[in-house]
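Visitor: Following this line is my_file_35.txt, made up of compact mmCIF, C-alpha atoms:
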```txt
# COMPACT_ATOMS: atom_id res chain seq x y z
CA MET T 149 29.32 -15.96 11.06
CA ARG T 150 28.70 -15.82 7.31
CA LYS T 151 27.87 -12.32 6.06
CA VAL T 152 25.22 -11.55 3.42
CA LYS T 153 25.91 -8.69 1.02
CA GLY T 154 22.97 -6.43 0.31
CA LEU T 155 20.91 -7.85 3.16
CA ARG T 156 18.60 -4.83 3.18
CA TRP T 157 17.52 -5.70 -0.38
CA TRP T 158 16.69 -9.26 0.66
CA ILE T 159 14.49 -7.87 3.42
CA ILE T 160 12.61 -5.43 1.20
CA SER T 161 12.19 -8.20 -1.39
CA LEU T 162 10.53 -10.38 1.25
CA ILE T 163 8.21 -7.50 2.11
CA ALA T 164 7.40 -7.05 -1.60
CA LEU T 165 6.56 -10.77 -1.78
CA ALA T 166 4.28 -10.34 1.25
CA THR T 167 2.58 -7.47 -0.59
CA ILE T 168 2.02 -9.69 -3.64
CA ILE T 169 0.39 -12.32 -1.42
CA ASN T 170 -1.63 -9.55 0.24
CA TYR T 171 -3.14 -8.47 -3.07
CA ILE T 172 -3.74 -12.03 -4.28
CA ASP T 173 -5.66 -12.76 -1.08
CA ARG T 174 -7.77 -9.59 -1.13
CA GLY T 175 -8.64 -10.04 -4.81
CA ALA T 176 -9.70 -13.68 -4.57
CA LEU T 177 -13.26 -13.06 -3.38
CA SER T 178 -14.17 -10.69 -6.23
CA ILE T 179 -12.76 -13.10 -8.82
CA LEU T 180 -14.54 -16.11 -7.32
CA TRP T 181 -17.75 -14.29 -6.44
CA PRO T 182 -19.80 -15.30 -9.54
CA ASN T 183 -19.32 -18.95 -8.64
CA ILE T 184 -19.69 -18.44 -4.88
CA SER T 185 -22.88 -16.43 -5.31
CA ALA T 186 -24.33 -19.09 -7.62
CA ASP T 187 -23.48 -21.86 -5.15
CA LEU T 188 -24.79 -20.06 -2.08
CA GLY T 189 -27.58 -17.95 -3.59
CA MET T 190 -26.06 -14.56 -2.73
CA THR T 191 -26.59 -11.20 -4.42
CA LYS T 192 -24.57 -8.13 -5.41
CA GLU T 193 -25.97 -6.36 -2.37
CA ASP T 194 -24.52 -9.13 -0.21
CA TYR T 195 -21.13 -8.66 -1.87
CA SER T 196 -21.30 -4.90 -1.30
CA LEU T 197 -21.89 -5.39 2.43
CA ILE T 198 -19.03 -7.89 2.67
CA ALA T 199 -16.70 -5.49 0.83
CA ILE T 200 -17.65 -2.62 3.13
CA MET T 201 -16.79 -4.75 6.17
CA PHE T 202 -13.31 -5.35 4.75
CA THR T 203 -12.77 -1.63 4.10
CA LEU T 204 -13.96 -0.62 7.58
CA ALA T 205 -11.62 -3.13 9.20
CA TYR T 206 -8.82 -1.93 6.96
CA ALA T 207 -9.39 1.67 8.06
CA ILE T 208 -9.43 0.75 11.75
CA SER T 209 -6.42 -1.54 11.51
CA GLN T 210 -4.11 0.88 9.72
CA THR T 211 -3.80 2.94 12.89
CA LEU T 212 -3.91 -0.04 15.26
CA SER T 213 -1.27 -1.86 13.21
CA GLY T 214 1.00 1.17 13.23
CA ARG T 215 0.89 1.16 17.01
CA LEU T 216 1.39 -2.61 17.08
CA TYR T 217 4.58 -2.40 15.02
CA ASP T 218 5.92 0.40 17.19
CA TRP T 219 5.23 -1.65 20.33
CA VAL T 220 6.41 -5.13 19.33
CA GLY T 221 8.83 -4.34 16.49
CA THR T 222 8.80 -5.03 12.77
CA ARG T 223 9.75 -8.71 12.93
CA LEU T 224 6.98 -9.80 15.30
CA GLY T 225 4.52 -7.29 13.84
CA PHE T 226 4.68 -8.95 10.43
CA VAL T 227 4.31 -12.38 12.00
CA ILE T 228 1.09 -11.26 13.73
CA SER T 229 -0.33 -9.51 10.65
CA ILE T 230 0.34 -12.29 8.14
CA THR T 231 -0.74 -15.06 10.49
CA LEU T 232 -4.07 -13.26 11.02
CA TRP T 233 -4.75 -12.56 7.36
CA SER T 234 -3.63 -16.02 6.20
CA ILE T 235 -5.92 -17.80 8.66
CA SER T 236 -8.73 -15.40 7.75
CA ILE T 237 -8.50 -16.05 4.00
CA ALA T 238 -8.37 -19.81 4.62
CA LEU T 239 -11.53 -19.58 6.76
CA HIS T 240 -13.39 -18.22 3.71
CA ALA T 241 -13.58 -21.88 2.66
CA ILE T 242 -16.12 -22.63 5.40
CA ALA T 243 -18.21 -19.45 5.00
CA ARG T 244 -21.82 -20.11 3.98
CA SER T 245 -23.63 -16.83 4.68
CA VAL T 246 -23.26 -13.06 4.49
CA THR T 247 -22.54 -13.03 8.22
CA SER T 248 -19.69 -15.54 8.06
CA PHE T 249 -18.17 -13.99 4.95
CA SER T 250 -18.40 -10.54 6.56
CA LEU T 251 -16.71 -11.80 9.72
CA PHE T 252 -13.84 -13.46 7.87
CA ARG T 253 -13.52 -10.48 5.55
CA PHE T 254 -13.36 -8.15 8.55
CA LEU T 255 -10.56 -10.25 10.06
CA LEU T 256 -8.78 -10.24 6.70
CA GLY T 257 -8.88 -6.43 6.63
CA LEU T 258 -7.49 -6.26 10.18
CA GLY T 259 -4.53 -8.42 9.18
CA GLU T 260 -3.82 -7.09 5.70
CA ALA T 261 -3.73 -3.46 6.77
CA GLY T 262 -0.60 -4.10 8.83
CA ASN T 263 1.49 -4.70 5.72
CA TRP T 264 1.84 -0.97 4.95
CA PRO T 265 2.82 0.61 8.30
CA GLY T 266 5.05 -2.43 8.84
CA ALA T 267 6.77 -1.98 5.50
CA THR T 268 7.22 1.75 6.10
CA LYS T 269 8.81 1.05 9.47
CA ALA T 270 11.12 -1.60 7.96
CA VAL T 271 12.23 0.88 5.30
CA ALA T 272 13.01 3.46 7.99
CA GLU T 273 15.03 0.88 9.92
CA TRP T 274 16.95 -0.66 7.04
CA PHE T 275 17.55 2.09 4.48
CA PRO T 276 19.38 5.41 4.41
CA ILE T 277 17.21 8.39 3.55
CA LYS T 278 18.31 8.62 -0.08
CA ASP T 279 17.27 4.99 -0.75
CA ARG T 280 13.98 4.97 1.12
CA ALA T 281 11.69 5.99 -1.72
CA LEU T 282 13.22 3.28 -3.94
CA ALA T 283 12.68 0.68 -1.21
CA GLN T 284 9.13 1.99 -0.78
CA GLY T 285 8.64 1.66 -4.52
CA ILE T 286 9.84 -1.94 -4.53
CA PHE T 287 7.28 -3.13 -1.99
CA ASN T 288 4.58 -0.91 -3.55
CA ALA T 289 5.28 -2.64 -6.86
CA GLY T 290 4.21 -5.83 -5.10
CA ALA T 291 0.64 -4.49 -5.02
CA SER T 292 0.70 -4.02 -8.79
CA ILE T 293 2.29 -7.41 -9.41
CA GLY T 294 -0.28 -9.05 -7.15
CA SER T 295 -3.04 -7.37 -9.15
CA ILE T 296 -1.49 -8.61 -12.40
CA ILE T 297 -1.07 -12.26 -11.45
CA SER T 298 -4.11 -12.69 -9.21
CA PRO T 299 -6.80 -13.29 -11.90
CA PRO T 300 -5.00 -16.09 -13.79
CA LEU T 301 -3.72 -17.70 -10.57
CA ILE T 302 -7.14 -17.71 -8.90
CA ALA T 303 -8.80 -18.98 -12.08
CA PHE T 304 -6.28 -21.82 -12.33
CA LEU T 305 -6.72 -22.83 -8.70
CA TYR T 306 -10.51 -22.69 -9.02
CA LEU T 307 -10.58 -24.90 -12.12
CA TRP T 308 -8.22 -27.35 -10.42
CA LEU T 309 -9.54 -27.38 -6.85
CA GLY T 310 -12.82 -25.47 -6.56
CA TRP T 311 -13.38 -22.26 -4.61
CA GLN T 312 -13.22 -23.69 -1.08
CA ALA T 313 -9.83 -25.35 -1.55
CA THR T 314 -8.55 -22.26 -3.38
CA PHE T 315 -9.01 -20.20 -0.21
CA VAL T 316 -7.15 -22.83 1.83
CA VAL T 317 -4.20 -22.82 -0.60
CA LEU T 318 -4.04 -19.02 -0.47
CA GLY T 319 -3.91 -19.13 3.32
CA GLY T 320 -0.97 -21.51 3.07
CA LEU T 321 1.00 -19.05 0.93
CA GLY T 322 1.16 -16.48 3.71
CA LEU T 323 2.07 -19.02 6.37
CA LEU T 324 4.90 -20.34 4.17
CA TRP T 325 6.21 -16.78 3.82
CA LEU T 326 6.77 -16.64 7.57
CA ILE T 327 9.57 -19.21 7.37
CA PRO T 328 12.14 -17.10 5.47
CA TRP T 329 10.96 -13.97 7.28
CA VAL T 330 11.75 -15.16 10.80
CA ILE T 331 15.06 -16.59 9.56
CA VAL T 332 16.26 -13.47 7.71
CA TYR T 333 14.88 -10.67 9.92
CA LYS T 334 16.88 -11.64 13.00
CA ALA T 335 17.56 -8.16 14.34
CA LEU T 336 17.89 -4.48 13.45
CA PRO T 337 20.89 -3.30 11.38
CA ASP T 338 22.93 -2.19 14.38
CA ARG T 339 23.19 -5.78 15.64
CA HIS T 340 22.16 -8.13 12.83
CA PRO T 341 24.79 -10.90 12.68
CA TRP T 342 24.55 -11.41 8.89
CA LEU T 343 25.13 -7.76 7.98
CA THR T 344 28.52 -6.76 6.60
CA GLU T 345 30.19 -3.93 8.47
CA GLU T 346 30.28 -1.86 5.29
CA GLU T 347 26.52 -2.16 4.77
CA ARG T 348 25.85 -1.54 8.46
CA GLN T 349 27.71 1.76 8.35
CA TYR T 350 26.08 2.71 5.04
CA ILE T 351 22.62 2.21 6.55
CA LEU T 352 23.22 3.84 9.92
CA SER T 353 25.24 6.80 8.71
CA GLY T 354 22.68 7.56 5.99
CA GLN T 355 19.74 7.74 8.38
CA LYS T 356 20.61 11.12 9.85
CA ILE T 357 18.64 14.09 8.59
CA GLU T 358 18.97 17.82 9.13
CA GLY T 359 17.30 18.80 12.36
CA ALA T 360 17.52 15.30 13.81
CA GLU T 361 18.05 14.69 17.48
CA ALA T 362 18.66 11.52 19.40
CA GLU T 363 16.04 8.92 18.59
CA ASP T 364 13.05 8.98 20.92
CA GLU T 365 12.41 5.43 22.07
CA ARG T 366 9.03 6.10 23.68
CA VAL T 367 5.78 5.58 21.78
CA PRO T 368 4.17 9.03 21.33
CA GLY T 369 0.42 9.22 21.88
CA PHE T 370 -2.02 9.87 19.05
CA TRP T 371 -2.94 13.30 20.35
CA GLU T 372 0.69 14.28 20.62
CA LEU T 373 1.37 13.21 17.04
CA LEU T 374 -1.73 15.05 15.85
CA SER T 375 -0.37 18.24 17.39
CA TYR T 376 2.26 18.42 14.64
CA LYS T 377 1.22 19.79 11.25
CA GLN T 378 3.66 17.37 9.57
CA THR T 379 1.48 14.48 10.74
CA TRP T 380 -1.50 16.17 9.13
CA SER T 381 0.38 16.50 5.83
CA VAL T 382 0.64 12.69 5.75
CA LEU T 383 -2.97 12.17 6.80
CA VAL T 384 -4.52 14.70 4.42
CA SER T 385 -2.38 13.86 1.37
CA ARG T 386 -3.26 10.18 1.72
CA PHE T 387 -6.95 10.97 2.30
CA PHE T 388 -7.08 12.70 -1.09
CA LEU T 389 -4.66 10.62 -3.19
CA ASP T 390 -5.22 7.00 -2.12
CA PRO T 391 -8.82 6.92 -3.44
CA ILE T 392 -7.45 7.38 -6.97
CA TRP T 393 -5.82 3.95 -6.76
CA TRP T 394 -8.91 2.31 -5.31
CA LEU T 395 -11.19 3.86 -7.93
CA PHE T 396 -9.53 1.52 -10.40
CA VAL T 397 -9.05 -1.44 -8.06
CA PHE T 398 -12.81 -1.48 -7.37
CA TRP T 399 -14.28 -0.12 -10.59
CA LEU T 400 -11.99 -0.77 -13.58
CA PRO T 401 -13.68 -4.04 -14.69
CA ILE T 402 -17.14 -2.46 -14.31
CA TYR T 403 -16.03 0.63 -16.25
CA LEU T 404 -14.74 -1.52 -19.12
CA HIS T 405 -18.02 -3.45 -19.16
CA ASP T 406 -20.30 -0.41 -18.96
CA ARG T 407 -18.34 1.92 -21.24
CA PHE T 408 -17.10 -0.50 -23.90
CA GLY T 409 -19.26 -3.60 -23.45
CA PHE T 410 -16.37 -5.87 -22.44
CA ASP T 411 -17.19 -9.39 -21.34
CA ILE T 412 -15.26 -11.30 -18.67
CA GLN T 413 -12.73 -12.68 -21.15
CA GLN T 414 -12.00 -9.24 -22.60
CA ILE T 415 -11.69 -7.76 -19.12
CA GLY T 416 -9.24 -10.51 -18.19
CA LEU T 417 -7.14 -9.77 -21.26
CA SER T 418 -6.93 -6.03 -20.63
CA ALA T 419 -7.52 -5.13 -16.96
CA TRP T 420 -3.97 -6.12 -15.95
CA VAL T 421 -2.32 -3.59 -18.29
CA PRO T 422 -2.78 -0.51 -16.05
CA TYR T 423 -1.00 -2.29 -13.21
CA VAL T 424 2.10 -2.72 -15.34
CA GLY T 425 2.17 1.08 -15.48
CA ALA T 426 1.68 1.16 -11.72
CA ALA T 427 4.58 -1.21 -11.10
CA ALA T 428 6.84 0.86 -13.35
CA GLY T 429 5.78 4.05 -11.55
CA ALA T 430 6.49 2.56 -8.13
CA LEU T 431 10.04 1.66 -9.13
CA PHE T 432 10.68 4.88 -11.05
CA GLY T 433 9.33 7.14 -8.30
CA GLY T 434 11.58 5.58 -5.71
CA TRP T 435 14.65 5.58 -7.94
CA TYR T 436 14.06 9.15 -9.10
CA ALA T 437 13.94 10.70 -5.62
CA GLY T 438 17.17 8.95 -4.65
CA PHE T 439 18.76 10.00 -7.95
CA LEU T 440 17.95 13.66 -7.22
CA MET T 441 19.41 13.39 -3.71
CA ARG T 442 22.61 11.85 -5.05
CA ARG T 443 22.87 14.84 -7.39
CA GLY T 444 22.82 17.16 -4.38
CA TRP T 445 19.13 17.94 -3.99
CA THR T 446 17.87 18.22 -0.42
CA VAL T 447 15.41 15.67 0.93
CA ASP T 448 12.78 18.41 0.96
CA LYS T 449 13.26 19.44 -2.66
CA ALA T 450 13.67 15.93 -4.08
CA ARG T 451 10.66 14.48 -2.23
CA LYS T 452 8.35 17.35 -3.13
CA TRP T 453 9.37 17.39 -6.77
CA ALA T 454 8.80 13.63 -7.13
CA ILE T 455 5.35 13.98 -5.53
CA THR T 456 4.54 16.93 -7.81
CA LEU T 457 5.77 15.11 -10.91
CA GLY T 458 3.41 12.24 -10.16
CA GLY T 459 0.56 14.73 -9.89
CA LEU T 460 1.48 16.35 -13.19
CA ILE T 461 1.26 12.92 -14.83
CA MET T 462 -2.01 11.91 -13.15
CA LEU T 463 -4.04 15.05 -13.77
CA PRO T 464 -4.00 15.17 -17.61
CA GLY T 465 -4.25 11.37 -17.74
CA LEU T 466 -7.52 11.43 -15.78
CA LEU T 467 -8.94 14.28 -17.85
CA LEU T 468 -8.07 12.59 -21.14
CA THR T 469 -9.45 9.22 -20.01
CA SER T 470 -12.81 10.87 -19.29
CA ILE T 471 -13.25 11.51 -23.03
CA ALA T 472 -11.43 8.43 -24.39
CA ALA T 473 -13.58 6.83 -27.10
CA HIS T 474 -11.53 3.66 -27.73
CA PRO T 475 -10.86 0.97 -25.09
CA VAL T 476 -7.17 0.62 -25.97
CA VAL T 477 -6.66 4.36 -25.52
CA ALA T 478 -8.56 4.30 -22.23
CA VAL T 479 -6.59 1.35 -20.82
CA LEU T 480 -3.25 2.91 -21.79
CA LEU T 481 -4.23 6.26 -20.29
CA ILE T 482 -5.22 4.56 -17.05
CA ALA T 483 -1.79 2.90 -17.05
CA VAL T 484 -0.28 6.40 -17.27
CA VAL T 485 -2.50 7.57 -14.40
CA LEU T 486 -1.44 4.70 -12.17
CA PHE T 487 2.20 5.27 -13.12
CA GLY T 488 1.91 8.84 -11.87
CA PHE T 489 0.00 7.76 -8.79
CA GLN T 490 2.76 5.39 -7.72
CA VAL T 491 5.44 8.03 -8.33
CA SER T 492 3.62 10.32 -5.88
CA ILE T 493 2.37 7.85 -3.29
CA GLY T 494 5.69 6.05 -2.87
CA ASN T 495 7.30 9.32 -1.82
CA ILE T 496 4.34 10.34 0.35
CA GLN T 497 4.63 7.03 2.16
CA THR T 498 8.23 7.84 3.06
CA LEU T 499 7.18 11.07 4.80
CA PRO T 500 6.59 9.44 8.22
CA SER T 501 10.23 8.30 8.24
CA ASP T 502 11.37 11.70 6.93
CA PHE T 503 9.54 13.59 9.67
CA TYR T 504 9.92 11.18 12.60
CA SER T 505 12.15 8.47 13.97
CA GLY T 506 11.95 5.55 16.33
CA LYS T 507 8.56 4.70 17.79
CA ALA T 508 6.60 7.36 15.89
CA VAL T 509 7.14 6.10 12.34
CA GLY T 510 4.77 3.14 12.35
CA SER T 511 2.12 5.10 14.22
CA VAL T 512 2.07 7.97 11.71
CA ALA T 513 2.17 5.58 8.77
CA GLY T 514 -0.77 3.67 10.22
CA MET T 515 -2.76 6.84 10.89
CA GLY T 516 -2.17 7.85 7.28
CA GLY T 517 -3.48 4.48 6.16
CA THR T 518 -6.64 5.04 8.19
CA THR T 519 -7.38 8.42 6.61
CA ALA T 520 -6.64 6.89 3.21
CA ALA T 521 -9.23 4.18 3.85
CA LEU T 522 -11.77 6.78 4.97
CA GLY T 523 -11.26 8.62 1.70
CA VAL T 524 -11.75 5.34 -0.17
CA ILE T 525 -15.03 4.65 1.66
CA ILE T 526 -16.38 8.09 0.70
CA THR T 527 -15.41 7.85 -2.97
CA THR T 528 -16.66 4.26 -3.22
CA TRP T 529 -20.03 5.41 -1.89
CA LEU T 530 -20.11 8.31 -4.39
CA VAL T 531 -19.25 6.37 -7.55
CA PRO T 532 -22.67 4.73 -8.20
CA LYS T 533 -24.29 8.14 -7.87
CA LEU T 534 -21.83 9.77 -10.29
CA VAL T 535 -21.89 7.24 -13.15
CA VAL T 536 -25.63 7.05 -13.79
CA ALA T 537 -25.33 8.82 -17.15
CA SER T 538 -21.61 8.49 -17.96
CA TYR T 539 -18.18 7.94 -16.43
CA VAL T 540 -17.01 11.51 -17.06
CA PRO T 541 -17.82 12.60 -13.46
CA PHE T 542 -15.90 9.54 -12.21
CA PHE T 543 -12.68 10.73 -13.83
CA LEU T 544 -13.31 14.38 -12.99
CA MET T 545 -13.61 13.43 -9.31
CA GLY T 546 -10.24 11.69 -9.56
CA ALA T 547 -8.75 14.73 -11.26
CA MET T 548 -10.01 17.01 -8.46
CA LEU T 549 -8.30 14.86 -5.84
CA VAL T 550 -4.84 15.24 -7.41
CA PRO T 551 -4.09 18.93 -6.62
CA LEU T 552 -5.69 18.59 -3.18
CA GLY T 553 -3.37 15.72 -2.32
CA VAL T 554 -0.21 17.32 -3.68
CA LEU T 555 -0.83 20.76 -2.21
CA SER T 556 -1.44 19.33 1.26
CA VAL T 557 2.21 18.21 1.35
CA TYR T 558 3.36 21.77 0.68
CA VAL T 559 0.84 23.58 2.87
CA LEU T 560 0.93 21.29 5.91
CA GLY T 561 4.32 19.63 5.64
CA GLY T 562 6.45 22.74 5.45
CA ARG T 563 10.09 21.97 4.93
CA ILE T 564 10.65 18.21 5.01
CA ARG T 565 13.02 17.52 7.87
CA ARG T 566 13.08 15.63 11.16
CA VAL T 567 10.53 16.89 13.70
CA PRO T 568 11.94 17.00 17.25
CA LEU T 569 9.32 15.48 19.54
CA ARG T 570 8.59 17.32 22.74
CA ARG T 571 10.52 15.86 25.65
CA ARG T 572 8.54 14.67 28.62
CA PRO T 573 9.88 15.49 32.07
```
Translate the structure described by the file into structure tokens.
Guide:
Amino acid sequence: MRKVKGLRWWIISLIALATIINYIDRGALSILWPNISADLGMTKEDYSLIAIMFTLAYAISQTLSGRLYDWVGTRLGFVISITLWSISIALHAIARSVTSFSLFRFLLGLGEAGNWPGATKAVAEWFPIKDRALAQGIFNAGASIGSIISPPLIAFLYLWLGWQATFVVLGGLGLLWLIPWVIVYKALPDRHPWLTEEERQYILSGQKIEGAEAEDERVPGFWELLSYKQTWSVLVSRFFLDPIWWLFVFWLPIYLHDRFGFDIQQIGLSAWVPYVGAAAGALFGGWYAGFLMRRGWTVDKARKWAITLGGLIMLPGLLLTSIAAHPVVAVLLIAVVLFGFQVSIGNIQTLPSDFYSGKAVGSVAGMGGTTAALGVIITTWLVPKLVVASYVPFFLMGAMLVPLGVLSVYVLGGRIRRVPLRRRP
């Protein structure tokens, strides 16, 4: 059997590509909405309701998807998630009302949410501890890349095919992705036939952590997982920090329009810049934690310092953006903020695999995604009430979230090491 060197990097690259498709699909409706609303006679209030349905489904599915991946495995879990979201985005082509768009958007949220607990579980399975944050950063960079390329791609497809056919083409992208996935992800590292013996040993020997016991193959219940404060450190840190990302995903174009009078063309020329910073932060944050571990730092010290460093970058960036008087300065500062966010969040997303093993990883990652989505719903509801007079309260709210998110890792997480699950008789 032919061996493939660096197979783990091929796998994480496929997951990064899935993340790019994920963000292209979720962004298509907002980009196409002016034309869809004109064709179908819909309003901004209609769009708001449709967007809320997506977010609610996303919140519910983060936890459900985590359980799904722990039950059926990473390979089949991704097949289910991407099949669901690809069919859902394609069905947007036949939507003609708020009800049908809301239904298809809800199904899209159910499918797309699985990408993150699935990716976290794949990282835990395929990477030694010192490389996990870098692997996490690679697939997180896919979100930024998807946000960068989505507007021009969607615009091109719309001008060529119209909005209905654009949704069908986007659905085809995800289904095409399944072909290399089922071919490459044949099995776990301990028995994958393409894996070199050297890489197999590198992966398996590097997955042991201080305090680790034999891997628990059962699927722990939600209440059991919630009985550990380490689980709460993941849930609470994501509840506070994830909304910072979504503040800009949802509101950056509107901020540029309201604050600086940008039109659609100007927004298109500038709104992608912050996501370049985000992509760089995702890669740097993952590399930096592994670099510190290779220099002898413990997992606990390296992970916490990387998370703290991201916070130290975000906080002044948000405060300075609140008083930025020039659009170029504001856009560049937001790029700095998103750089810091990705440095922190990439390492926070590795915490489930730092604390747990086996069947608990996907569940905890999914639960963290649910609390993150709940935080996003709250902040999204607050924004219109905060920006009546200016956007200063918008950025101050983001700045307040930073220390709350970082401190929750220290206060609730304790020393980062493997948590021995209670044995059942």
Visitor: Have a look at T:Leu232, T:Leu258, T:Ala473, T:Ile402 and name the one nearest to Gly322 of chain T; count all atoms listed in the file.
Guide: T:Leu232
Visitor: Excluding segment 511-525 of chain T and any residue of its chain fewer than 5 positions from it, enumerate the residues within 8 Å of it, using all atoms listed in the file, and give them as an NGL selection string.
Guide: :T and (200 or 203-204 or 206-215 or 217-218 or 261-262 or 264-265 or 268 or 370 or 373 or 379 or 382-384 or 386-391 or 394-395 or 497 or 500)
Visitor: If you measure from atom CA of Ile351 of chain T to atom CA of Ala437 of chain T, what distance in Å do you get, rounded to one decimal?
Guide: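 Distance reported for this atom pair: 17.2 Å.
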Visitor: Tyr504 of chain T: which residues within 7 Å, counting all atoms listed in the file, same-chain residues fewer than 4 positions away excluded, as a ChimeraX atom specification?
Guide: /T:500,508-509,566-567
Visitor: Which neighbours of Ile296 of chain T fall inside 8 Å, counting only C-alpha atoms, when residues of the same chain fewer than 6 positions from it are skipped, and could you give them as a ChimeraX atom specification?
Guide: /T:420-421,423-424
Visitor: Rank nothing, just name the residue among T:Ala430, T:Leu318, T:Ile242, T:Ile198 nearest to Ile293 of chain T, using all atoms listed in the file.
Guide: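 Using all atoms listed in the file, Ile293 of chain T sits closest to T:Ala430.
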Visitor: Atom CA of Pro328 of chain T and atom CA of Phe315 of chain T, how far apart in Å?
Guide: 22.1 Å
Visitor: Compile the contact shell of Ser245 of chain T as a tab-separated table (two decimals) with C-alpha atoms, in the coordinates of the input: residues with an atom at most 10 Å away, counting all atoms listed in the file, same-chain residues fewer than 4 positions apart removed.
Guide:
```tsv
chain	number	residue	atom	x	y	z
T	188	LEU	CA	-24.79	-20.06	-2.08
T	189	GLY	CA	-27.58	-17.95	-3.59
T	190	MET	CA	-26.06	-14.56	-2.73
T	194	ASP	CA	-24.52	-9.13	-0.21
T	249	PHE	CA	-18.17	-13.99	4.95
T	250	SER	CA	-18.40	-10.54	6.56
T	251	LEU	CA	-16.71	-11.80	9.72
```
Visitor: Could you tell me which of T:Met441, T:Val330, T:Leu336, T:Ala483 comes closest to Phe396 of chain T if we count all atoms listed in the file?
Guide: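 For Phe396 of chain T, the nearest of the given residues is T:Ala483.
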Visitor: List as a compact mmCIF listing (two decimals) with C-alpha atoms, in the frame of the given file the residues having at least one atom at most 12 Å from position (2.8, 19.1, -1.2) as given in the file, counting only C-alpha atoms.
Guide:
```
# COMPACT_ATOMS: atom_id res chain seq x y z
CA GLN T 378 3.66 17.37 9.57
CA TRP T 380 -1.50 16.17 9.13
CA SER T 381 0.38 16.50 5.83
CA VAL T 382 0.64 12.69 5.75
CA VAL T 384 -4.52 14.70 4.42
CA SER T 385 -2.38 13.86 1.37
CA ARG T 386 -3.26 10.18 1.72
CA PHE T 388 -7.08 12.70 -1.09
CA LEU T 389 -4.66 10.62 -3.19
CA ASP T 448 12.78 18.41 0.96
CA LYS T 449 13.26 19.44 -2.66
CA ALA T 450 13.67 15.93 -4.08
CA ARG T 451 10.66 14.48 -2.23
CA LYS T 452 8.35 17.35 -3.13
CA TRP T 453 9.37 17.39 -6.77
CA ALA T 454 8.80 13.63 -7.13
CA ILE T 455 5.35 13.98 -5.53
CA THR T 456 4.54 16.93 -7.81
CA LEU T 457 5.77 15.11 -10.91
CA GLY T 458 3.41 12.24 -10.16
CA GLY T 459 0.56 14.73 -9.89
CA SER T 492 3.62 10.32 -5.88
CA ILE T 493 2.37 7.85 -3.29
CA ASN T 495 7.30 9.32 -1.82
CA ILE T 496 4.34 10.34 0.35
CA LEU T 499 7.18 11.07 4.80
CA VAL T 550 -4.84 15.24 -7.41
CA PRO T 551 -4.09 18.93 -6.62
CA LEU T 552 -5.69 18.59 -3.18
CA GLY T 553 -3.37 15.72 -2.32
CA VAL T 554 -0.21 17.32 -3.68
CA LEU T 555 -0.83 20.76 -2.21
CA SER T 556 -1.44 19.33 1.26
CA VAL T 557 2.21 18.21 1.35
CA TYR T 558 3.36 21.77 0.68
CA VAL T 559 0.84 23.58 2.87
CA LEU T 560 0.93 21.29 5.91
CA GLY T 561 4.32 19.63 5.64
CA GLY T 562 6.45 22.74 5.45
CA ARG T 563 10.09 21.97 4.93
CA ILE T 564 10.65 18.21 5.01
```
Visitor: Using only C-alpha atoms, pick whichever of T:Met462, T:Leu374, T:Leu343, T:Met201 has the shortest atom-to-atom distance to Gln490 of chain T.
Guide: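 Using only C-alpha atoms, Gln490 of chain T sits closest to T:Met462.
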Visitor: Which value, in Å to one decimal, gives the distance between atom CA of Ile297 of chain T and atom CA of Pro422 of chain T?
Guide: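 About the pair atom CA of Ile297 of chain T and atom CA of Pro422 of chain T: they are 12.7 Å apart.
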Visitor: Taking all listed atoms of segment 341-345 of chain T, build the axis-aligned box, pad each of the six sides by 8 Å, then write its centre and edge lengths in Å to one decimal as AutoDock Vina command-line options.
Guide:
```
--center_x 27.4 --center_y -7.7 --center_z 9.6 --size_x 21.6 --size_y 23.5 --size_z 22.1
```
Visitor: Choose the residue, out of T:Ser501, T:Ser538, T:Thr446, T:Ser236, that has the smallest atom-to-atom separation from Arg407 of chain T; count only C-alpha atoms.
Guide: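 Of T:Ser501, T:Ser538, T:Thr446, T:Ser236, the one nearest Arg407 of chain T, counting only C-alpha atoms, is T:Ser538.
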Visitor: Between T:Gly494, T:Gly425, T:Pro464, T:Gly433, single out the one closest to Leu480 of chain T, counting all atoms listed in the file.
Guide: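 Ranked by minimum distance to Leu480 of chain T, first place goes to T:Gly425.
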Visitor: Hey, can you pull every residue with an atom no more than 9 Å from (-12.4, 12.6, -9.1), using all atoms listed in the file, and send it as number ranges by chain?
Guide: T: 391-392, 395, 466, 527, 541-550
